[in-house]
Each structure stands twice: as structure tokens, then as C-alpha cells.
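K.L.:
Dropping a structure here in C-alpha cells format, bear with me for questions.
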There are 4 protein chains.
Amino acid sequence: MKNKVLDINCDMGESFGNWKAGDDAAVMPKITTANIACGFHASDPVTIMSTVELALANKVAVGAHPGLPDLLGFGRRIMAVSPDDIYAYIAYQVGAVQAFLRAQGATLNHVKPHGAMFHLMRQDDLVEAALDAIEDVAPEAAVYWPGPLGREPFTAKAAARGMRVIPEVYPDLDYTSDGSLIVERQKKPVAGAVIFRRVCQVLTDQELTTSAGNVVPMAINSVCIHGDGPNVSEVLDAVHRAAAECRYRVAVATAMPVAAE
Amino acid sequence: MKNKVLDINCDMGESFGNWKAGDDAAVMPKITTANIACGFHASDPVTIMSTVELALANKVAVGAHPGLPDLLGFGRRIMAVSPDDIYAYIAYQVGAVQAFLRAQGATLNHVKPHGAMFHLMRQDDLVEAALDAIEDVAPEAAVYWPGPLGREPFTAKAAARGMRVIPEVYPDLDYTSDGSLIVERQKKPVAGAVIFRRVCQVLTDQELTTSAGNVVPMAINSVCIHGDGPNVSEVLDAVHRAAAECRYRVAVATAMPVAAE
Amino acid sequence: MKNKVLDINCDMGESFGNWKAGDDAAVMPKITTANIACGFHASDPVTIMSTVELALANKVAVGAHPGLPDLLGFGRRIMAVSPDDIYAYIAYQVGAVQAFLRAQGATLNHVKPHGAMFHLMRQDDLVEAALDAIEDVAPEAAVYWPGPLGREPFTAKAAARGMRVIPEVYPDLDYTSDGSLIVERQKKPVAGAVIFRRVCQVLTDQELTTSAGNVVPMAINSVCIHGDGPNVSEVLDAVHRAAAECRYRVAVATAMPVAAE
Amino acid sequence: MKNKVLDINCDMGESFGNWKAGDDAAVMPKITTANIACGFHASDPVTIMSTVELALANKVAVGAHPGLPDLLGFGRRIMAVSPDDIYAYIAYQVGAVQAFLRAQGATLNHVKPHGAMFHLMRQDDLVEAALDAIEDVAPEAAVYWPGPLGREPFTAKAAARGMRVIPEVYPDLDYTSDGSLIVERQKKPVAGAVIFRRVCQVLTDQELTTSAGNVVPMAINSVCIHGDGPNVSEVLDAVHRAAAECRYRVAVATAMPVAAE
């Protein structure tokens, strides 16, 4: 049955040196793809190495999660960067993660911009620079972006280039009436029952009801989980139960076919 | 004629953001291999990108020049690092440089440890970690090390693994009576005539006379130049004249065959 | 004669570790106040120490030149920072420079925000945070800002608090028709004769003619020089000659009296 | 009664940006002096600001805890630094912490070198540089060092200069037969009953029995607690109970009088 696969992705490897973040060892067995921080907003070479090993040991596909060079701000502060900066920052970080994969005989599954780099991807020239870098350095990799496909420049341009795009939903975040993700720094725990209902709605109807009561289109093939959320275990269980309920197999996403414009 | 090729290598891309180091544009046309800083002791993603482009435009082979994570000390301060640190630092930095090469359809020529990381390569466990990283991440790459071959753990172990080793000579530095390189931070200009004489001696006799009058074995196939030296242009001319005088063709080194032990 | 003193200020200590910037030793004897980088956008502890010593040996008054935490971008990239960030970044950097002054029995003359931190000072909440930090940590210090006084929130608010404000002119930069400084990253050399004429106009008429032909008010008591400009020596000579021509004594600025609103 | 005061010091403010370390809010009310990380091995300007405020709100005396510039290694890796480096690193960091104290009308209580900087203090020239920096920048500050007084160069030289030295004991660590502290990176929880017994022995007999059965002199006036230890609350209670049992008042240490040599 086509497309009846649900991918679960999560940011991983966000420790830095002596500072630990998240319980990667507990989360890794329950996800299918890991977005690994690359050393600019979080992580460091030894952390990347051990996180790649942990992912592969759990048969989790590895993606690069590049960010802005702002450890102090966890890559969450918008910085005035140029297209050359974005190209080079992504190429550098993706190449670094690929090195640890190559050492294990594995390849990169995807690239997903982090934090403020994600927010900068509304600027056309920066989007083109980012996609250039990904195509040049990791032509084998898919890209992840909050769904639905083609609503924003990143997925529209990526699809136009023939890149594999994996649209994703954040079941613990809210959306605006036009379907944009509302990113909040302070994560409030969302009960497992709510997560279950939202994921079921998305999988069954390809729609999501916002907290304001709007119904927005939400055709996706991945669910993004926050590994540092206060009730991550409950959330993960709810996603797995929703997938089972809706007869989706939990596995690494293949790209959703993009309708010709 | 076997082995009648002389390689000229030079550290390149040692700028950092707004701070410029060396005149890479002037030096690049006169060398055959570039050791590109990788962002830990010097350089940054945009600098690596433009340095790789400059090298390729000049048909210069690109190597990675990984260092310790110490921008403030230019990677020249010994730090107490573990084998895991060394493995991960090298894998990360080599992977980052490879990304910019891949984007240009090129591959990595070699790896050469920088500064204090070079000095740490007298510790057996760190040498093994470094060679593991290079073999795992860039099996196609040669390694550079001051000659002659096999005198120090790095080249002995690399050769034993069947890695391609390029021994090099520093014609502007002095050597101890047992043939060890004496690294000095303050570069004193060495006259072109002296450089010419030393390179000729090395190419003709595979020996070098130290300033103390000792004659040490010096079979090499690369000459290392300091791009930030006060008279780099004079030095480069002298090396090229010495190569011509001794009927060596200046070209990227192939590895010297290692005698079976 | 009141106010017939001309101060010359210049950014100093912008080296970082192994990377050198500017010829501080040549410029220091010809200026009266130094804006010393504090380690966030440039400089490092050893550089601050030697720059403070160089300034004091030349009887130059020392100011702190705090910037955003962005060494890679030389503090020139706007970052989304909060008032708490600005307060803490300034307090930290000012305190660090004060330490080296205290060690020499000297005190801080002034504070002047650098680069993107300067540009952020159009946001009211960030201006208040910056002024709070300066008053709390260095109540003895003046603040520098492009003149004329009170045209922008920084000087208006500083004056309202009773802080000493030193308005300055940049004779090698252009101004908009409403008197705003146009900051350009690539410094074009401005001939000494032009500098001389501009400084004379400012000192004589308290006005400056922009390149578009507008005449803007420019009552100042300091001239800011770029130490890394291509013809800094020519510029410094022109400023000194202009001061002599207009019968100003070159000395550390005392604050200009602020007219009651 | 002279000297019947027991000080309890603890490293505080070891978070960095988004990464949190230790539960400072829980520990602060139970200690008398805080060693605040200064941004080189841990902490950042906003963290220092809030930690200083937390300390003062709890009437805890604030010390600076300077470290080597190695965030990635948490300042625990020995680096080859010069006396100028040590002087400037300490001056810079102490000045930064003093700024936040000055803003609150408070002054610095003490300076205590962290991690690898602590270990480097066995090198005479580095000890002199460190003491110079402390005397020059914070003449009002005491210095902390594992007791007993005068056994190591740091306390011997500090006492010879007339500086106030506070010797301290680590009740959760072991000591060698000659009284040297054995620093272990992995903290093993030591039961409250053991802590109680050790502190009582120290307070009563000015001696400590090592795990090997040696009795070493241990005249101290501060106890150092690890805020990130697994059972910090139990340890703190044990120290307070031991102080009560031995009739010591828990308060900020005044320096122990140094016997004339």
C-alpha cells in the first residue's frame, strides 16, 4: 500500500562537551530518523560520533541538522547572514556529519535546517543557497520541512529542483490559520491523548485542527518529536499508537510524490 | 623516470572571518598541493570554500590540515586530548573539507596534522586514532609528514597500514642531529640561495646538512613552504630553480614506495 | 576658551590571537582616546592587556568598545538579542577592560558600542539596557556617539540620565540628508585634503556638507579615525592640521554641555 | 571564639546558554560562598548576572572561578599556556565578574582557579602570574586552595605576599598519603554519614584519614561541595550537622592566620 508509512524524526545529539541535553539513549529506539546537530548551535565532534553510532545501532536513519554559528544562543537567534554564509555553513556541517557516517559505511538520509536557520529560509536567496549546498554536498539526501508541501519557498523550490522533500507535522505545537507552524521556545507538555488525536486526524484526513478551530491541510509523511520535551515518552507512545490505529507502518519516510504544478 | 617529481606544499586558508593571513592568491599558482585549515585552529566555512575554489582553479591538489580546537592559540598549544577526541576532531574537519571538494567534483589529496596536533603525534594511541580517522573518512587520501619515512611513529604506522605517505622537507627550518624538525614560531627569513642549496642537496643526495654540521638522511618527495614567511616569493623561486637544476618536474607527489621491513 | 578642545578617537586592539589587525603602535601616539575591543567581536585577554599598556604609555585615554558575541562576523552582523543580553554583554566586556586599567592604576574613560551593537542602539529597550549597564558598571565613563547630540535615542536618553556624552564625527564617511552616518564595510581612502576641509568645516561652522550637497548640523567634540584605513597616517595628519588651523587643542574630550529641552 | 567559623563553598553558575548545569537555586541557600564560572570554561554573561543576583539574594559571598579558554573541554584539559596568558585570562575573567558585583553594590570575596588552571598552579611562573593578576585586579579578594596551608606553591606564595588564603577540604574526595587532593572526573556519591564523620574529624582534629588509612594534616576553614553531585542535598545536610556537632558557626570564612616561617 503506497504511502502508508509514518516516519518519526527527532533532534538528537544536542549535548555540548560536558553539558548534556535530552535522553538520546531512551528516545532513539522509538524513532526512525534522527536530526543530528552538527557543532554550530550544539554538539561537538565526539558527540556527533557517538550519536551517529547510537542511531545506526538502532537502525535509525541519520540526517544533518545544521544551524547558525551561535552556540551561546543555541542557533535560535536570527543573524544577518549572506547566501555565501548559508551555503558554506550548510556544506561544512553536512560534510562533517557525512564523515562519521562514511566511517560506519552509512550515508546521509536527510538535511533539516535548525532554529534561526530554519526561520531564515523564508528569504528566497538564502533558500536557494541552502538547496545548492545540499544538492552539491549530499545529492542523496532528502530535505525535511513542516508540511504541507509547496506552501513555503523551501519546499516549493526543493520540489521544483526534483529534490526529495519529506513534509512533517509537529503534533505538540500549534499552527496559524494559514497552516504555518508556531514555534515556541518554552515547550508546554501536550497530553498523550491530544497527540494521539492530532496524529490520527493528520493520518486519516491529511488535515489538522488548530487551537483556534481552523482546519488546515496537513499531508505529511513524518512526525517530529521533541526529545527534550517534559513527557517525551508519553508523546512517543501516543504517536506509535496513532500509527497502529490508522494502519501506518512506522518506518523511514520515502518522499511524498509532488503533484506537477 | 621514477620518483623524479617534486611536490611543493603550503598551508593555505588560514584567514578567519575578518582577519586575513597570508597572500594565498599569490602563492597558490606556484605550489602543487595546499594544506587547507579546517576551522578549528584557523579558517571558517566561507574561507574554506573560497580557498578550495582558488586551489582547484590553479590545479592545486587539496589536502585537509586539521588542528586542535583552539582558535585563540592558532592550534599551537598542546592540549590534553584523548584518542576519541583526536579521531573525532580529524573526522569532523576532514569531512568538512571534503564537502567543499565534492561540491566541485574533486576529491581529497591528503591529510596533514597542524601545529600542536602534529606534535601530539608522538603519542602512539593518538597516532592510531588519527590514522583510523583518516582511513575511515578519507581512504583515498595520502598523509604528509616530515621525512625521512619511518623515523617517527606516524609514518611507521601509516606505512604499516599500507597508507600512502608523502615525506616532506622544510628547507627554511633546521633539524636536530637525529633528523628531527625544529619548529620555531618566529620565522626567520632564509635567503633564496640557501633554500636553493638545501633543496638541491636533498634532491641530489637525499641528505641535508643541519646548521650544526650534521648530515641527516632526507629522502622526501615534497617540499613544505611557509606562505606567511617574510620572503615567500624568493623561497618559492628558489625551490622551483632547484627542481629545474636537479631535473625534477614540479607536480603533485605520488607516494614514495616503502621498503618492506 | 570653552570647548576649544578636539578629541581624536580610534578603534584599537582589534587583533585576535595570531591574527593581527591595524598598526596600533603607529596610530596610538597620534590619537587621544582609544576604543579597545573587548573579546566578543575582536581582541582577547592578552591583546587587551598589551593595548591598554600601549595606550597608557602614550597618555591615551582608554574606552571599552563592546560588541556582539560574533568573532566570525567581527560583530558586524545584526543578531536578535534581548535587553538582558545587551546589559550582560556590555557589563561583562566593560568589566574585563576595567580590570586591565585597574591593574595599571587607571580608570575607564568611555564606552562606545561596536558594529552591529551600535546599529541595534536604535531600539529603545536595547538603548535603555545598554545605558543601564554602563551606569551600573562604569558610572565614571562617558559615552561616544555620532553627532549631533540628541538626534538619536542613544544620546537623547544618555543626556536625559545626565551621562556625559561625547558626540563625534567620521570625516572619512558620508552622511544622509538628515545627518545619519552611512557605515560602509569597504573603506575607501579619502584624501587628506578632503579630511582637512571637512574637519575645518565642522570645527568652524558646526556643520558638514554631505556628498549629496546637503548641509547637516555637526556640533561634535571628537573625530573618529579608522586605524585600519588604507591611508590612516595621511588622515591623522590632516585632522591634526585642521585642529591647528582652527585653533583647537588636541586633547581628551570633556563632554559638551547639553542644552535643556 | 577565634576561628570557630566554617565556610561552605560551591561552584555555581556552570550553565552555558541553553545548557543547564546543577541546581543552583536549591544549593545556594545552604552555602556561604559561591565560586562563579566566568565564561571561559563555563557560564556566559547572562548566567553570571543571574547567578550573582541569586548569590546576593541569599547573602552568599561571591568569588570568581576563572578557567582556561576551553568550553568544549569544560576547562579540564591541560593546555600549554604562558604566564602572560594566565595573568590576562584571570584579569579578564575576574574583571567581568566584578562588573556584575559592582552593579549590585557588592565586592568580590575571593578567586579560585578552576580545573586545569588549578592543576597548572604547580608551575611556579604560572602561580606568580596568577597571584599578580589577583592582587592587581582584586586586591580585596581572598584566594581558596585545598589545605593545609603552605603545602603547595600557590598557598605558600600567596601567604608570603600577605594575601588572605582560605584553605579548604573536599569531603567527597580522597587524598594521597602526602595530603594531596585526588581529583576525579566521575563523582561517586559519598554517603552523608561518611561526609559527617570526615568533616567532624577535620573540625575536631585538623586531620583527615585517607581511604588508604593514612592520617594527613587538614587545618582548613572552608568545605567545598560539588553542586552537581548525585546526592548534593544529603552532603550539604551532613556538613551542616557536622558543623553544629562540633560547635562551628556556618559563615563566610575569614582567612586563617599564617604562621611565620
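Just so we're on the same page: first chain in the C-alpha cells is A, next is B, and so on; residues restart at 1 for each chain, and ligands are numbered from 1 in the order they show up.
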Tell me as a PyMOL selection string which residues belonging to chain B come within 6 Å of chain A, counting only C-alpha atoms.

P.N.:
chain B and resi 45-46+88-89+91-92+95-96+99+102-103+136-137

K.L.:
Hey, can you spit out that residue selection with N, CA and C atoms as a JSON list (two decimals), in the first residue's frame?

P.N.:
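That gives us selection17.json:
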```
[["chain", "number", "residue", "atom", "x", "y", "z"],
["B", 45, "PRO", "N", 33.99, 28.38, 7.36],
["B", 45, "PRO", "CA", 33.38, 27.76, 6.17],
["B", 45, "PRO", "C", 33.54, 28.58, 4.89],
["B", 46, "VAL", "N", 33.34, 29.88, 4.96],
["B", 46, "VAL", "CA", 33.43, 30.69, 3.73],
["B", 46, "VAL", "C", 34.88, 30.73, 3.24],
["B", 88, "ALA", "N", 37.72, 12.08, 16.47],
["B", 88, "ALA", "CA", 36.53, 12.86, 16.09],
["B", 88, "ALA", "C", 36.92, 14.22, 15.52],
["B", 89, "TYR", "N", 37.97, 14.85, 16.06],
["B", 89, "TYR", "CA", 38.40, 16.15, 15.53],
["B", 89, "TYR", "C", 38.86, 16.01, 14.08],
["B", 91, "ALA", "N", 38.09, 13.45, 11.93],
["B", 91, "ALA", "CA", 36.97, 13.04, 11.07],
["B", 91, "ALA", "C", 36.11, 14.25, 10.72],
["B", 92, "TYR", "N", 35.80, 15.04, 11.72],
["B", 92, "TYR", "CA", 34.93, 16.21, 11.53],
["B", 92, "TYR", "C", 35.53, 17.19, 10.53],
["B", 95, "GLY", "N", 35.96, 15.72, 6.98],
["B", 95, "GLY", "CA", 34.65, 15.67, 6.32],
["B", 95, "GLY", "C", 34.19, 17.02, 5.84],
["B", 96, "ALA", "N", 34.46, 18.05, 6.62],
["B", 96, "ALA", "CA", 34.04, 19.40, 6.23],
["B", 96, "ALA", "C", 34.77, 19.85, 4.96],
["B", 99, "ALA", "N", 33.50, 18.11, 1.87],
["B", 99, "ALA", "CA", 32.21, 18.61, 1.37],
["B", 99, "ALA", "C", 32.42, 19.66, 0.28],
["B", 102, "ARG", "N", 33.73, 17.92, -2.84],
["B", 102, "ARG", "CA", 32.66, 17.17, -3.51],
["B", 102, "ARG", "C", 31.79, 18.12, -4.34],
["B", 103, "ALA", "N", 31.52, 19.30, -3.74],
["B", 103, "ALA", "CA", 30.71, 20.30, -4.45],
["B", 103, "ALA", "C", 31.36, 20.73, -5.76],
["B", 136, "ASP", "N", 39.21, 5.82, 7.79],
["B", 136, "ASP", "CA", 37.76, 5.64, 7.79],
["B", 136, "ASP", "C", 37.04, 6.69, 6.95],
["B", 137, "VAL", "N", 37.54, 7.91, 6.98],
["B", 137, "VAL", "CA", 36.81, 9.03, 6.38],
["B", 137, "VAL", "C", 37.34, 9.37, 4.99]]
```

K.L.:
Just the residues within 12 Å of Gln123 of chain A, please, counting only C-alpha atoms, with nothing from its chain fewer than 6 positions along; format it as a list in words.

P.N.:
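Once the adjacent positions are removed, what remains is Ala80, Val81, Ser82, Pro83, Ile86, Met117, Ala129, Ala130, Glu152, Pro153, Phe154 and Lys157 of chain A.
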
K.L.:
Could you take the residues named above and write them with N, CA, C and O atoms, as a compact mmCIF listing (two decimals), in the first residue's frame?

P.N.:
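Result file is result16.txt:
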```
# COMPACT_ATOMS: atom_id res chain seq x y z
N ALA A 80 22.16 38.27 10.68
CA ALA A 80 22.18 38.76 9.30
C ALA A 80 23.30 38.06 8.55
O ALA A 80 24.46 38.46 8.62
N VAL A 81 22.94 36.96 7.86
CA VAL A 81 23.94 36.20 7.11
C VAL A 81 23.66 36.31 5.61
O VAL A 81 22.54 36.59 5.19
N SER A 82 24.68 36.06 4.83
CA SER A 82 24.58 36.18 3.38
C SER A 82 24.33 34.80 2.76
O SER A 82 24.51 33.77 3.42
N PRO A 83 23.92 34.76 1.51
CA PRO A 83 23.79 33.45 0.83
C PRO A 83 25.09 32.66 0.87
O PRO A 83 25.06 31.44 1.10
N ILE A 86 25.33 31.02 4.23
CA ILE A 86 24.41 29.88 4.37
C ILE A 86 24.93 28.66 3.60
O ILE A 86 24.95 27.54 4.12
N MET A 117 18.18 29.27 11.50
CA MET A 117 18.45 28.96 10.08
C MET A 117 17.16 28.52 9.39
O MET A 117 16.92 28.87 8.23
N ALA A 129 20.54 29.24 -1.73
CA ALA A 129 21.89 28.90 -1.26
C ALA A 129 21.88 27.60 -0.48
O ALA A 129 22.75 26.74 -0.64
N ALA A 130 20.88 27.44 0.38
CA ALA A 130 20.78 26.21 1.19
C ALA A 130 20.56 24.99 0.30
O ALA A 130 21.21 23.96 0.47
N GLU A 152 5.52 26.83 1.31
CA GLU A 152 6.57 27.80 1.60
C GLU A 152 7.71 27.65 0.59
O GLU A 152 7.86 26.60 -0.03
N PRO A 153 8.54 28.73 0.46
CA PRO A 153 9.57 28.70 -0.58
C PRO A 153 10.49 27.49 -0.51
O PRO A 153 10.89 26.96 -1.55
N PHE A 154 10.82 27.03 0.69
CA PHE A 154 11.78 25.95 0.82
C PHE A 154 11.30 24.69 0.11
O PHE A 154 12.02 24.10 -0.70
N LYS A 157 10.67 25.32 -3.84
CA LYS A 157 11.91 25.34 -4.63
C LYS A 157 12.59 23.96 -4.65
O LYS A 157 13.15 23.56 -5.66
```

K.L.:
Measure the distance from atom CA of Thr176 of chain B to atom CA of Pro217 of chain B in Å and round it to one decimal.

P.N.:
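Atom CA of Thr176 of chain B sits 11.6 Å away from atom CA of Pro217 of chain B.
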
K.L.:
Calculated over only C-alpha atoms, which of the candidates D:Pro146, D:Gly192, D:Pro29, D:Gly229 has the smallest distance to Leu54 of chain D?

P.N.:
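Looking only at the distances to Leu54 of chain D, the closest residue turns out to be D:Pro29.
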
K.L.:
Can you tell me, as a ChimeraX atom specification, what residues are no more than 10 Å from Ser222 of chain A when counting only C-alpha atoms, ignoring any on the same chain fewer than 6 positions away?

P.N.:
/A:5-9,32-33,144-147,166-170,250-255

K.L.:
Hey, what's within 10 Å of Ala25 of chain D if we count only C-alpha atoms and toss same-chain stuff fewer than 3 positions away? As an MDAnalysis selection string, please?

P.N.:
chainID D and resid 12 22 28:30 51 54:55 58
